[in-house]
Amino acid sequence: MVEQVTLYRAPTTEADAHAVADWLADRVDATVSVRTRFLSVYDDADLADDSPVGDSPVGDSLAEAFAKTRVLSPYEQETGNTMVGIVRYEERALEHPERAGGVIYDGLQVQSILRRLLPEDERGLDHLHVPLLDRVVGTWGDHDGRWHKRVNVLGQPGLVSVPGLYEAPAKPEQYYKAQQKHALLSGDSPPREVLENEVEGEFLVESDPRTTDALKGYVLQAVHYLETGEDFCEDETCRLANPHRQPGVIQAQLRDPEFCPEHAEIYRP
């Protein structure tokens, strides 16, 4: 049984960990607290050379460990690039996360690294840790031989990727066309307001003011998984659903009802 839930802030993002924690505390029978950014709380003291991540050792630095989890190609399962320049990039990303971006990391390997960083007396399943990450994570799909970006990776710790909220669920096709058009004309991505005016349909984009509300259900999914062993709800209107398209995210996380009848009995505030 989960008795404690600790959320970790992602200060470079729009996500408000304290607001998520307050919402969660009203719905679960556990103590909910917030700590600062996960990778600022813990260092790499617990990463031993013989501690495996995937099929290879972690190495002696957190930067090198993350370099080994980098996805190299959307269609190649092998991960990792520990060239000096890549490791230095990861060092800078750890120190200045606001400068990082454009990289996908193997979510299961990242989860393994972060679990190893936890204090030994906090690794039990009675104390769930949920880092809100400023990095994009993915999982390999054996069914189609490619990587898929994810909003969350369930387990201990339960990872919730803030940029994954914008990037993992597919947006309307018009969105990508408008983005490419704007990039050709100006060299960068169009502001959120421009996309919302030009593209029909509902979707979330970077720094969306609805980010915090949308993330609440994904954090609850991490708690639900540890409590029950169940991953996602099949009811597309429930916050425990895992929609693959942005309109589904809007429906599940930002529209009433919050939960399907079954899960409302458990998580009604």
# chains A, B, ... in the order shown; residues from 1 in each chain; ligands from 1
call {"tool": "select_by_dssp", "arguments": {"residues": "range 16-251 of chain A", "states": "helix (DSSP H, G or I)", "output": "PyMOL selection string"}}
result
chain A and resi 17-25+38-41+62-67+84-95+97-99+107-117+120-122+162-167+173-186+192-198+211-228+246-251
call {"tool": "select_by_dssp", "arguments": {"residues": "range 14-223 of chain A", "states": "strand (DSSP E or B)", "output": "VMD selection string"}}
result
chain A and resid 31 to 35 52 to 53 56 to 57 70 to 73 76 to 79 104 to 106 127 to 133 136 to 141 146 to 150 152 to 153 159 to 161 170
call {"tool": "atom_distance", "arguments": {"atom1": "CA of His127 in chain A", "atom2": "CA of Val249 in chain A"}}
result
27.6 Å
call {"tool": "residues_around", "arguments": {"residues": "Leu128 in chain A", "least_positions_apart": "5", "cutoff": "7 Å", "atoms": "only C-alpha atoms", "output": "count of residues only"}}
result
6
call {"tool": "atom_distance", "arguments": {"atom1": "CA of Arg116 in chain A", "atom2": "CA of Leu62 in chain A"}}
result
11.0 Å
call {"tool": "closest_residue", "arguments": {"among": "A:Val153, A:Val32, A:Val87, A:Ala178", "to": "Tyr225 in chain A", "atoms": "only C-alpha atoms"}}
result
A:Val153
call {"tool": "closest_residue", "arguments": {"among": "A:Leu125, A:Val103, A:Leu7, A:Ala17", "to": "Leu226 in chain A", "atoms": "only C-alpha atoms"}}
result
A:Leu125
call {"tool": "closest_residue", "arguments": {"among": "A:Phe38, A:Glu202, A:Arg9, A:Leu195", "to": "Lys177 in chain A", "atoms": "only C-alpha atoms"}}
result
A:Leu195
call {"tool": "closest_residue", "arguments": {"among": "A:Ala19, A:Arg37, A:Glu14, A:Glu122", "to": "Asp208 in chain A", "atoms": "only C-alpha atoms"}}
result
A:Glu14
call {"tool": "residues_around", "arguments": {"residues": "range 144-150 of chain A", "least_positions_apart": "2", "cutoff": "7 Å", "atoms": "only C-alpha atoms", "output": "tab-separated table (two decimals) with all heavy atoms, in the first residue's frame"}}
result
chain	number	residue	atom	x	y	z
A	74	PRO	N	14.87	6.69	-34.33
A	74	PRO	CA	13.49	6.26	-34.05
A	74	PRO	C	13.27	4.79	-34.33
A	74	PRO	O	12.36	4.18	-33.76
A	74	PRO	CB	12.64	7.13	-34.99
A	74	PRO	CG	13.50	8.31	-35.31
A	74	PRO	CD	14.91	7.80	-35.30
A	75	TYR	N	14.10	4.19	-35.19
A	75	TYR	CA	13.86	2.81	-35.62
A	75	TYR	C	14.97	1.86	-35.20
A	75	TYR	O	15.06	0.76	-35.75
A	75	TYR	CB	13.66	2.78	-37.14
A	75	TYR	CG	12.55	3.70	-37.59
A	75	TYR	CD1	12.84	4.93	-38.17
A	75	TYR	CD2	11.21	3.35	-37.41
A	75	TYR	CE1	11.82	5.79	-38.56
A	75	TYR	CE2	10.19	4.20	-37.80
A	75	TYR	CZ	10.50	5.42	-38.37
A	75	TYR	OH	9.49	6.26	-38.75
A	76	GLU	N	15.81	2.25	-34.27
A	76	GLU	CA	16.86	1.37	-33.76
A	76	GLU	C	16.72	1.26	-32.25
A	76	GLU	O	16.70	2.27	-31.55
A	76	GLU	CB	18.24	1.92	-34.12
A	76	GLU	CG	18.53	1.94	-35.61
A	76	GLU	CD	19.90	2.50	-35.92
A	76	GLU	OE1	20.68	2.71	-34.96
A	76	GLU	OE2	20.20	2.74	-37.10
A	136	VAL	N	12.28	14.48	-22.47
A	136	VAL	CA	11.38	13.60	-23.21
A	136	VAL	C	11.84	12.16	-23.03
A	136	VAL	O	13.01	11.85	-23.24
A	136	VAL	CB	11.35	13.96	-24.71
A	136	VAL	CG1	10.46	12.99	-25.48
A	136	VAL	CG2	10.88	15.40	-24.90
A	137	VAL	N	10.92	11.29	-22.65
A	137	VAL	CA	11.25	9.88	-22.49
A	137	VAL	C	10.38	9.05	-23.43
A	137	VAL	O	9.30	9.48	-23.84
A	137	VAL	CB	11.04	9.39	-21.04
A	137	VAL	CG1	12.00	10.11	-20.10
A	137	VAL	CG2	9.61	9.58	-20.57
A	138	GLY	N	10.87	7.88	-23.77
A	138	GLY	CA	10.13	7.01	-24.66
A	138	GLY	C	10.32	5.55	-24.29
A	138	GLY	O	11.16	5.22	-23.45
A	139	THR	N	9.54	4.70	-24.91
A	139	THR	CA	9.70	3.25	-24.75
A	139	THR	C	9.69	2.61	-26.13
A	139	THR	O	9.06	3.12	-27.07
A	139	THR	CB	8.58	2.63	-23.89
A	139	THR	OG1	7.30	2.92	-24.48
A	139	THR	CG2	8.62	3.19	-22.47
A	140	TRP	N	10.40	1.49	-26.24
A	140	TRP	CA	10.51	0.79	-27.50
A	140	TRP	C	9.27	-0.06	-27.74
A	140	TRP	O	8.78	-0.75	-26.85
A	140	TRP	CB	11.74	-0.10	-27.51
A	140	TRP	CG	11.90	-0.94	-28.73
A	140	TRP	CD1	11.63	-2.26	-28.87
A	140	TRP	CD2	12.35	-0.48	-30.02
A	140	TRP	NE1	11.90	-2.69	-30.15
A	140	TRP	CE2	12.35	-1.61	-30.89
A	140	TRP	CE3	12.77	0.75	-30.51
A	140	TRP	CZ2	12.74	-1.52	-32.21
A	140	TRP	CZ3	13.15	0.84	-31.84
A	140	TRP	CH2	13.13	-0.29	-32.68
A	141	GLY	N	8.72	0.01	-28.95
A	141	GLY	CA	7.56	-0.80	-29.30
A	141	GLY	C	7.97	-2.03	-30.10
A	141	GLY	O	8.35	-1.91	-31.27
A	142	ASP	N	7.90	-3.18	-29.46
A	142	ASP	CA	8.23	-4.42	-30.17
A	142	ASP	C	7.25	-4.68	-31.30
A	142	ASP	O	7.59	-5.34	-32.30
A	142	ASP	CB	8.22	-5.61	-29.20
A	142	ASP	CG	9.44	-5.61	-28.29
A	142	ASP	OD1	10.53	-5.23	-28.77
A	142	ASP	OD2	9.29	-5.98	-27.11
A	152	ASN	N	4.16	9.33	-19.38
A	152	ASN	CA	4.64	8.76	-18.13
A	152	ASN	C	5.17	7.35	-18.33
A	152	ASN	O	4.87	6.67	-19.31
A	152	ASN	CB	3.56	8.80	-17.03
A	152	ASN	CG	2.29	8.07	-17.41
A	152	ASN	OD1	2.24	7.33	-18.39
A	152	ASN	ND2	1.23	8.26	-16.62
A	164	GLY	N	6.74	15.57	-22.66
A	164	GLY	CA	6.02	14.44	-23.24
A	164	GLY	C	4.53	14.69	-23.36
A	164	GLY	O	3.87	14.16	-24.25
A	168	ALA	N	4.08	13.59	-26.99
A	168	ALA	CA	3.76	12.17	-27.17
A	168	ALA	C	2.41	11.96	-27.85
A	168	ALA	O	2.34	11.26	-28.87
A	168	ALA	CB	3.82	11.45	-25.82
call {"tool": "residues_around", "arguments": {"residues": "Thr69 in chain A", "least_positions_apart": "6", "cutoff": "9 Å", "atoms": "only C-alpha atoms", "output": "PyMOL selection string"}}
result
chain A and resi 53-54+79-81+104-110
call {"tool": "closest_residue", "arguments": {"among": "A:Pro261, A:Pro163, A:Gly187, A:Pro269", "to": "Asp134 in chain A", "atoms": "only C-alpha atoms"}}
result
A:Pro163
